[in-house]
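Q: First, the structure itself, so that you have it in front of you.
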Amino acid sequence: MDEWPQTLLRRDELAQLAYDLPTGGQHPDKRQSRRNGTARLLTWLETWPGATWQARWVASGAESYGKSWRDAAIDALVAAEGKTRLNARRHLTVGMSCVISLRVLRPGYDWLVTNHLSDTYRWVRALVDPEFFARIDSAAERNGVRERVRVDALNHLTRVVMHTGRGPRELTPDDLRECRAALLASGRAGDALSLAWEMLRSQNVFPAGTSTMRATLHRGQLTVEELVDTHKVTSEPVRALLIRYLRERSAGMDHVSLRALVSLLAGTFWKDIEEHHPGLDTIDLPPEVAAAWKERAGFQRRTSSKGKPRADRYSVFFAVRALYLDIAHWAVEDPSWARWVFRCPIRDEDVRGSMKHQRQRRARMHQRTRTLAPLLPDLVTSVERHLERMEKLLAATSAAPIGEEFSVNNVAFCRVQAAADSRKGNQRGACRVRVQRCDTGEHLDVERAEDEAFWTWAIVETLRHTGIRHEEMLELTHFALTTHILPDNGEVVPLLQIAPSKLDQERVLLVAPELAHVLARIVHRVRAGNEHIPLVSRYDPYERLTGAPLPHLFQRRHGSEIRVMSTAVTHRLLRNAIERAELLGPDGNPLRYTPHDFRRIFATEAVSNGLPVHIAAKLLGHNDLSTTQTYVAIYNDDVLRHHRSFITRRRALRPGGEYRDPTPEEWAEFEQHFTKRKVELGTCARPYGSPCRHEHACIRCPVLRPDPTQEPRLLAIVVNLNDRLREANERGWLGEVDGLKVSLDAASRKLAQMRRIRAQTTLVDLHPPTVRRQPHER
């Protein structure tokens, strides 16, 4: 729409309206300045063709000049009026504010952002719908949004109002998406636009069911046709074949596996053939074409790593081989496939080295685990100390006035004023808690540093105590924390329910005291003093789906909104933690921990400490025992042999029909197991149904969870061991001396573990969520 009532008014009418504006300065001089500025601006616009002021503004091309639009207007005014340039810039600026506030002109987003018209934004909000703008600003402030982000969000909404000519209650999601696209094109889009979207959504301005801006911008799952077309296959017959074949295969695949298969067949296979052998319209490859492609398949095609050897070329060969063999098999029942049945270019000798490749890959993983596992305690210690330092620094900085020097851990700091606060004259530093290190001059955002230190600690502790997958950790919700109460003694057994991320099988893990401490601190942090954990939707980057709002545990504030942590954030936090710990490998190069490394270390330590491998497989969520074997870097052959013989005997003695629901007696036996875990110095954490593999030598046993209240008893045991050691040395019982030294070392470690547990907070209440039943409707 190029015409609206305001843009059709006469110059003298608009000058009088500018004089009568109820906002801005009301002194007669200020009013007259608005009248003169509006008149001079419209005088310049009259020199351009057009039936409306908006048409003349567009014809002038001023928007393309950016901030220098006034220079061209001043030159034209000086030539037309014969006056000097004195006060011309100020008049044009005031006049532009007036005509925009009066809804006469609707400039583009790029021009509005380039020209910082802060007064104009306030005038427009005061004239259009001041009550609505005040309400959404108050709601955002109650939700803990920083002042600077709120101001930016209100300015974004005001720009949309100025550009569209509609009121804030009339805006649509498309209006904000158009604004975002324009800002992205100029490199200026930020998180505040997401807050502006949320402001309108929370006030029911948008249609019911509208999700967050981030969720609407995420592109969902692509169809098979769209996935294939991303590789720009030019041969129409082969494209139709690939689409039909992939549709058949997609029924039994998740989306990430489907995307990988499309990339192999449409990209690595056929697109490569089209680039080097154009004109082919059939998958019946000549021998020389097939040989040349197999040679190239051993190297990367991506631009960033083109020419580098491919890590696993056999995955490409097996995918192409499956294509040819599947078509031949399907043609037996469906003759329409027969026209595409050809000899497979992948021979047996091409994939003969796949088993050797798998063994080499397994050996590399095992060696990596052997390298990283001994250094894990150093990483844990470094993460804990860094969190402790950041907590102390944040507490000291928050208590110090701006400009005051203070010391934390013998390092001098000075609290400085945030940039946003200094512009507004805010002496409290409400936007950010920042300090400057006195000796180096380094500036630090303490609040953000403490937040990242906490989540780094939470990630490391959760991964190493559970062995869960990276995605499973990010999917943990408050509902995953459950408890089981033993009927005999009322003991509460905390459990952690793991939602399936790779297999459609849920599993439950027993929560150790160390893990309970971590989960309790996470719950306390994300609740932030509220009664409930905020409900946040998580975007799955693999399946490309946005889940329902849930009380996710690994959520944190990102700019103006709360998001579930992404995989990129967790990788960055781990990388920074390793750099601070300065962990080096045997070759002297810095090490790199990934979330999956913690999973392999967990499996290795569990089996090495005597946990049966089939129990470890259940804890890790593996259906196949061989998968667990690939995770375990230190594995005894006799363990595998005994376990397989045990499986054979069990299958012979217990047919499949006996796998049924437990009887009351069997369930009572299961609950009695938790009672038998109680020992002298604490609790035995061995799995259910497994006997003690350490002959009840609890002091030496790694699965003993010591009770800090039993420290006096352990000290008495240590005194007794020292007495026995002196007697053994006096009598020359050297064998007894060696055994007593082993027991003393183990007792010292248990004593240190007791004291470490006592030093932690005693609050381990996980606050498991309760389901509120709705009253029945009458």
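The chains in the structure tokens are called A, B, ... from first to last as shown; in each chain the residues are counted from 1, and the ligands are counted from 1 in the order shown.
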List the spatial neighbours of Arg755 of chain A as a ChimeraX atom specification - criterion: any atom at most 12 Å away, only C-alpha atoms, same-chain residues fewer than 4 positions off excluded.
A: /A:706-712,714,748-751,759-761
Q: Which polymer residues have any atom within 7 Å of an atom of segment 108-117 of chain A, counting only C-alpha atoms, with same-chain residues fewer than 5 positions away left out, as a ChimeraX atom specification?
A: /A:63,66-67,159,163,179,182-183,186
Q: Write to file, as a short mmCIF file (atom, residue, chain, number, x, y, z; two decimals), in the first residue's frame, the residues of the selection just made, with N, CA, C and O atoms.
A:
data_model
loop_
_atom_site.label_atom_id
_atom_site.label_comp_id
_atom_site.auth_asym_id
_atom_site.auth_seq_id
_atom_site.Cartn_x
_atom_site.Cartn_y
_atom_site.Cartn_z
N GLU A 63 17.36 6.78 1.23
CA GLU A 63 17.61 5.60 2.06
C GLU A 63 18.92 4.92 1.70
O GLU A 63 19.57 4.29 2.55
N GLY A 66 22.20 6.26 3.70
CA GLY A 66 22.48 5.96 5.10
C GLY A 66 22.49 7.22 5.93
O GLY A 66 21.58 8.05 5.86
N LYS A 67 23.54 7.40 6.74
CA LYS A 67 23.63 8.57 7.61
C LYS A 67 23.84 9.87 6.84
O LYS A 67 23.56 10.96 7.36
N ARG A 159 10.56 -0.10 15.34
CA ARG A 159 10.93 -0.04 13.92
C ARG A 159 9.90 -0.75 13.06
O ARG A 159 9.55 -0.27 11.97
N HIS A 163 7.79 0.99 10.14
CA HIS A 163 7.91 0.54 8.75
C HIS A 163 6.58 0.05 8.20
O HIS A 163 6.27 0.29 7.02
N CYS A 179 11.55 -8.16 9.24
CA CYS A 179 12.53 -7.30 9.92
C CYS A 179 13.83 -8.06 10.15
O CYS A 179 14.92 -7.51 9.94
N ALA A 182 15.82 -8.37 6.94
CA ALA A 182 16.49 -7.12 6.56
C ALA A 182 17.69 -6.84 7.46
O ALA A 182 18.73 -6.39 6.98
N LEU A 183 17.56 -7.13 8.75
CA LEU A 183 18.68 -6.89 9.65
C LEU A 183 19.82 -7.86 9.39
O LEU A 183 20.99 -7.50 9.47
N SER A 186 22.02 -6.81 6.61
CA SER A 186 22.96 -5.75 6.96
C SER A 186 23.87 -6.13 8.11
O SER A 186 24.65 -5.30 8.58
#
Q: Which residue, A:Val316, A:Ala311, A:Gly24, A:Pro345, has the smallest gap to Gln360 of chain A when you use only C-alpha atoms?
A: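 Under the stated criterion, the closest residue is A:Ala311.
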Q: Sorted by chain and rising residue number, which residues of segment 529-624 of chain A lie within 9 Å of segment 213-222 of chain A, and what are their closest atom pairs and distances in Å to one decimal, counting only C-alpha atoms, as a Markdown table?
A:
| residue | atom | partner | partner_atom | distance |
| --- | --- | --- | --- | --- |
| A:Ser537 | CA | A:Ala215 | CA | 8.4 |
| A:Arg538 | CA | A:Ala215 | CA | 8.8 |
| A:Tyr539 | CA | A:Ala215 | CA | 7.3 |
| A:Glu543 | CA | A:Gln221 | CA | 7.0 |
| A:Arg544 | CA | A:Gly220 | CA | 5.2 |
| A:Leu545 | CA | A:Gly220 | CA | 5.9 |
| A:Thr546 | CA | A:Ala215 | CA | 6.6 |
Q: Using only C-alpha atoms, can you tell me which of A:Arg415, A:Lys676, A:Arg169, A:Arg437 comes closest to Glu131 of chain A?
A: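 Closest residue, counting only C-alpha atoms: A:Arg169.
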Q: Between atom CA of Ser257 of chain A and atom CA of Thr282 of chain A, measure the distance and give it in Å to one decimal.
A: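 The value is 25.3 Å.
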Q: Out of segment 271-486 of chain A, which residues get helix (DSSP H, G or I) from DSSP, as JSON, numbers by chain?
A: {"A": [271, 272, 273, 274, 275, 276, 287, 288, 289, 290, 291, 292, 293, 294, 295, 296, 314, 315, 316, 317, 318, 319, 320, 321, 322, 323, 324, 325, 326, 327, 328, 329, 330, 331, 332, 333, 335, 336, 337, 338, 339, 340, 348, 349, 350, 354, 355, 356, 357, 358, 359, 360, 361, 362, 363, 364, 365, 366, 367, 368, 369, 370, 371, 372, 373, 374, 375, 376, 377, 378, 379, 380, 381, 382, 383, 384, 385, 386, 387, 388, 389, 390, 391, 392, 393, 394, 395, 396, 397, 398, 399, 419, 420, 421, 422, 423, 424, 446, 447, 448, 449, 450, 451, 452, 453, 454, 455, 456, 457, 458, 459, 460, 461, 462, 463, 464, 465, 466, 470, 471, 472, 473, 474, 478, 479, 480]}
Q: Which of these, A:Ala528, A:Ala520, A:Val536, A:Val228, has the shortest distance to Ser211 of chain A once you count only C-alpha atoms?
A: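 Residue with the minimum atom-to-atom distance to Ser211 of chain A: A:Val536.
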Q: Can you list every residue in segment 416-617 of chain A that DSSP puts in strand (DSSP E or B), as a PDB file with C-alpha atoms, in the first residue's frame?
A:
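states.pdb, freshly written:
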ATOM      1  CA  VAL A 416      34.312  -1.515  36.542  1.00  0.00           C
ATOM      2  CA  ARG A 434      32.423  -6.790  35.382  1.00  0.00           C
ATOM      3  CA  VAL A 435      35.882  -6.502  36.871  1.00  0.00           C
ATOM      4  CA  GLN A 436      39.333  -5.512  35.696  1.00  0.00           C
ATOM      5  CA  ARG A 437      42.385  -7.385  36.832  1.00  0.00           C
ATOM      6  CA  HIS A 443      38.428  -7.218  31.726  1.00  0.00           C
ATOM      7  CA  LEU A 444      36.150 -10.070  32.790  1.00  0.00           C
ATOM      8  CA  ASP A 445      32.394 -10.536  32.762  1.00  0.00           C
ATOM      9  CA  THR A 477      14.402 -33.258  32.515  1.00  0.00           C
ATOM     10  CA  LEU A 481      14.503 -37.848  38.762  1.00  0.00           C
ATOM     11  CA  THR A 482      12.508 -40.564  40.483  1.00  0.00           C
ATOM     12  CA  THR A 483      12.746 -42.426  43.772  1.00  0.00           C
ATOM     13  CA  HIS A 484      11.979 -45.904  45.053  1.00  0.00           C
ATOM     14  CA  ILE A 485      11.083 -46.396  48.718  1.00  0.00           C
ATOM     15  CA  VAL A 492      14.728 -43.842  49.643  1.00  0.00           C
ATOM     16  CA  VAL A 493      16.665 -45.034  46.589  1.00  0.00           C
ATOM     17  CA  PRO A 494      17.123 -42.201  44.027  1.00  0.00           C
ATOM     18  CA  LEU A 495      16.915 -43.260  40.390  1.00  0.00           C
ATOM     19  CA  LEU A 496      17.636 -41.465  37.116  1.00  0.00           C
ATOM     20  CA  GLN A 497      15.476 -42.328  34.122  1.00  0.00           C
ATOM     21  CA  ILE A 498      17.301 -41.980  30.809  1.00  0.00           C
ATOM     22  CA  ARG A 507      16.735 -47.364  31.197  1.00  0.00           C
ATOM     23  CA  VAL A 508      17.053 -46.444  34.853  1.00  0.00           C
ATOM     24  CA  LEU A 509      20.323 -45.714  36.655  1.00  0.00           C
ATOM     25  CA  LEU A 510      20.956 -45.764  40.391  1.00  0.00           C
ATOM     26  CA  VAL A 536      11.721 -24.900  27.580  1.00  0.00           C
ATOM     27  CA  TYR A 539      15.471 -28.366  19.169  1.00  0.00           C
ATOM     28  CA  ASP A 540      16.958 -31.690  18.111  1.00  0.00           C
ATOM     29  CA  LEU A 545      12.399 -31.371  15.347  1.00  0.00           C
ATOM     30  CA  THR A 546      11.410 -29.066  18.196  1.00  0.00           C
ATOM     31  CA  LEU A 550       9.660 -29.543  29.345  1.00  0.00           C
ATOM     32  CA  HIS A 552      14.999 -29.496  31.046  1.00  0.00           C
ATOM     33  CA  GLN A 555      18.982 -24.989  30.366  1.00  0.00           C
ATOM     34  CA  ARG A 556      20.573 -21.580  30.722  1.00  0.00           C
ATOM     35  CA  ARG A 557      19.864 -18.015  29.716  1.00  0.00           C
ATOM     36  CA  HIS A 558      21.102 -17.074  26.264  1.00  0.00           C
ATOM     37  CA  GLU A 561      15.659 -16.132  26.363  1.00  0.00           C
ATOM     38  CA  ILE A 562      16.230 -19.412  28.148  1.00  0.00           C
ATOM     39  CA  ARG A 563      17.448 -22.261  25.935  1.00  0.00           C
ATOM     40  CA  VAL A 564      18.515 -25.836  26.350  1.00  0.00           C
ATOM     41  CA  LEU A 584      49.084 -32.791  27.507  1.00  0.00           C
ATOM     42  CA  PRO A 590      47.224 -30.707  24.102  1.00  0.00           C
TER      43      PRO A 590
END
Q: Can you list, as an MDAnalysis selection string, every protein, DNA or RNA residue that comes within 9 Å of segment 698-702 of chain A when you count only C-alpha atoms, leaving out same-chain residues fewer than 6 positions away?
A: chainID A and resid 609 679:681 684 742:747 750
Q: Need to verify the contact set: segment 295-301 of chain A, 8 Å, only C-alpha atoms, exclusion of same-chain residues closer than 5 positions in sequence. Can you return it as a VMD selection string?
A: chain A and resid 268 to 269 306 to 310 312 to 313 316
Q: Output N, CA and C atoms for every residue in that selection, as a PDB file, in the first residue's frame.
A:
ATOM      1  N   THR A 268      28.275 -38.302  -2.650  1.00  0.00           N
ATOM      2  CA  THR A 268      29.579 -38.954  -2.801  1.00  0.00           C
ATOM      3  C   THR A 268      29.606 -39.896  -3.998  1.00  0.00           C
ATOM      4  N   PHE A 269      28.482 -40.547  -4.278  1.00  0.00           N
ATOM      5  CA  PHE A 269      28.454 -41.520  -5.387  1.00  0.00           C
ATOM      6  C   PHE A 269      28.083 -40.847  -6.710  1.00  0.00           C
ATOM      7  N   LYS A 306      38.832 -30.990   0.886  1.00  0.00           N
ATOM      8  CA  LYS A 306      38.920 -31.697  -0.379  1.00  0.00           C
ATOM      9  C   LYS A 306      40.334 -32.231  -0.603  1.00  0.00           C
ATOM     10  N   GLY A 307      40.401 -33.486  -1.002  1.00  0.00           N
ATOM     11  CA  GLY A 307      41.688 -34.121  -1.268  1.00  0.00           C
ATOM     12  C   GLY A 307      42.259 -34.879  -0.098  1.00  0.00           C
ATOM     13  N   LYS A 308      41.688 -34.727   1.109  1.00  0.00           N
ATOM     14  CA  LYS A 308      42.181 -35.467   2.266  1.00  0.00           C
ATOM     15  C   LYS A 308      41.632 -36.891   2.248  1.00  0.00           C
ATOM     16  N   PRO A 309      42.400 -37.859   2.740  1.00  0.00           N
ATOM     17  CA  PRO A 309      41.905 -39.249   2.764  1.00  0.00           C
ATOM     18  C   PRO A 309      40.636 -39.352   3.602  1.00  0.00           C
ATOM     19  N   ARG A 310      39.691 -40.149   3.114  1.00  0.00           N
ATOM     20  CA  ARG A 310      38.435 -40.363   3.836  1.00  0.00           C
ATOM     21  C   ARG A 310      38.679 -41.318   4.996  1.00  0.00           C
ATOM     22  N   ASP A 312      36.632 -43.374   6.500  1.00  0.00           N
ATOM     23  CA  ASP A 312      36.000 -44.686   6.342  1.00  0.00           C
ATOM     24  C   ASP A 312      35.368 -44.758   4.956  1.00  0.00           C
ATOM     25  N   ARG A 313      36.139 -45.167   3.984  1.00  0.00           N
ATOM     26  CA  ARG A 313      35.591 -45.284   2.633  1.00  0.00           C
ATOM     27  C   ARG A 313      34.691 -46.499   2.498  1.00  0.00           C
ATOM     28  N   VAL A 316      30.992 -45.852   2.301  1.00  0.00           N
ATOM     29  CA  VAL A 316      30.512 -45.470   0.970  1.00  0.00           C
ATOM     30  C   VAL A 316      30.300 -46.716   0.119  1.00  0.00           C
TER      31      VAL A 316
END
Q: Fewer than 4 positions away in the same chain doesn't count, so skip those; otherwise give me all residues within 9 Å of Ile273 of chain A, counting only C-alpha atoms, as a PDB file with C-alpha atoms, in the first residue's frame.
A:
ATOM      1  CA  THR A 268      29.579 -38.954  -2.801  1.00  0.00           C
ATOM      2  CA  PHE A 269      28.454 -41.520  -5.387  1.00  0.00           C
ATOM      3  CA  HIS A 277      31.814 -38.358 -16.410  1.00  0.00           C
ATOM      4  CA  PRO A 278      28.986 -36.087 -17.612  1.00  0.00           C
ATOM      5  CA  LEU A 280      25.537 -40.744 -17.909  1.00  0.00           C
ATOM      6  CA  VAL A 289      34.137 -45.290 -14.757  1.00  0.00           C
ATOM      7  CA  ALA A 290      33.576 -47.563 -11.754  1.00  0.00           C
ATOM      8  CA  TRP A 293      35.138 -43.507  -8.955  1.00  0.00           C
TER       9      TRP A 293
END
Q: For Leu620 of chain A, find every residue with an atom within 10 Å (counting only C-alpha atoms), except residues of its own chain fewer than 6 positions away, and show them as a PyMOL selection string.
A: chain A and resi 466-469+507+509+599-600+602-603+614+627-628+631
Q: Skipping near chain neighbours, those fewer than 2 positions away, what residues fall within 10 Å of segment 68-72 of chain A using only C-alpha atoms, listed as a list in words?
A: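 Everything that qualifies: Leu41, Trp44, Ser60, Gly61, Ala62, Glu63, Ser64, Tyr65, Gly66, Ile74, Asp75, Ala76, Leu77, Ala88, Arg89, Arg90, His91, Leu92, Thr93, Trp111 and Asn115 of chain A.
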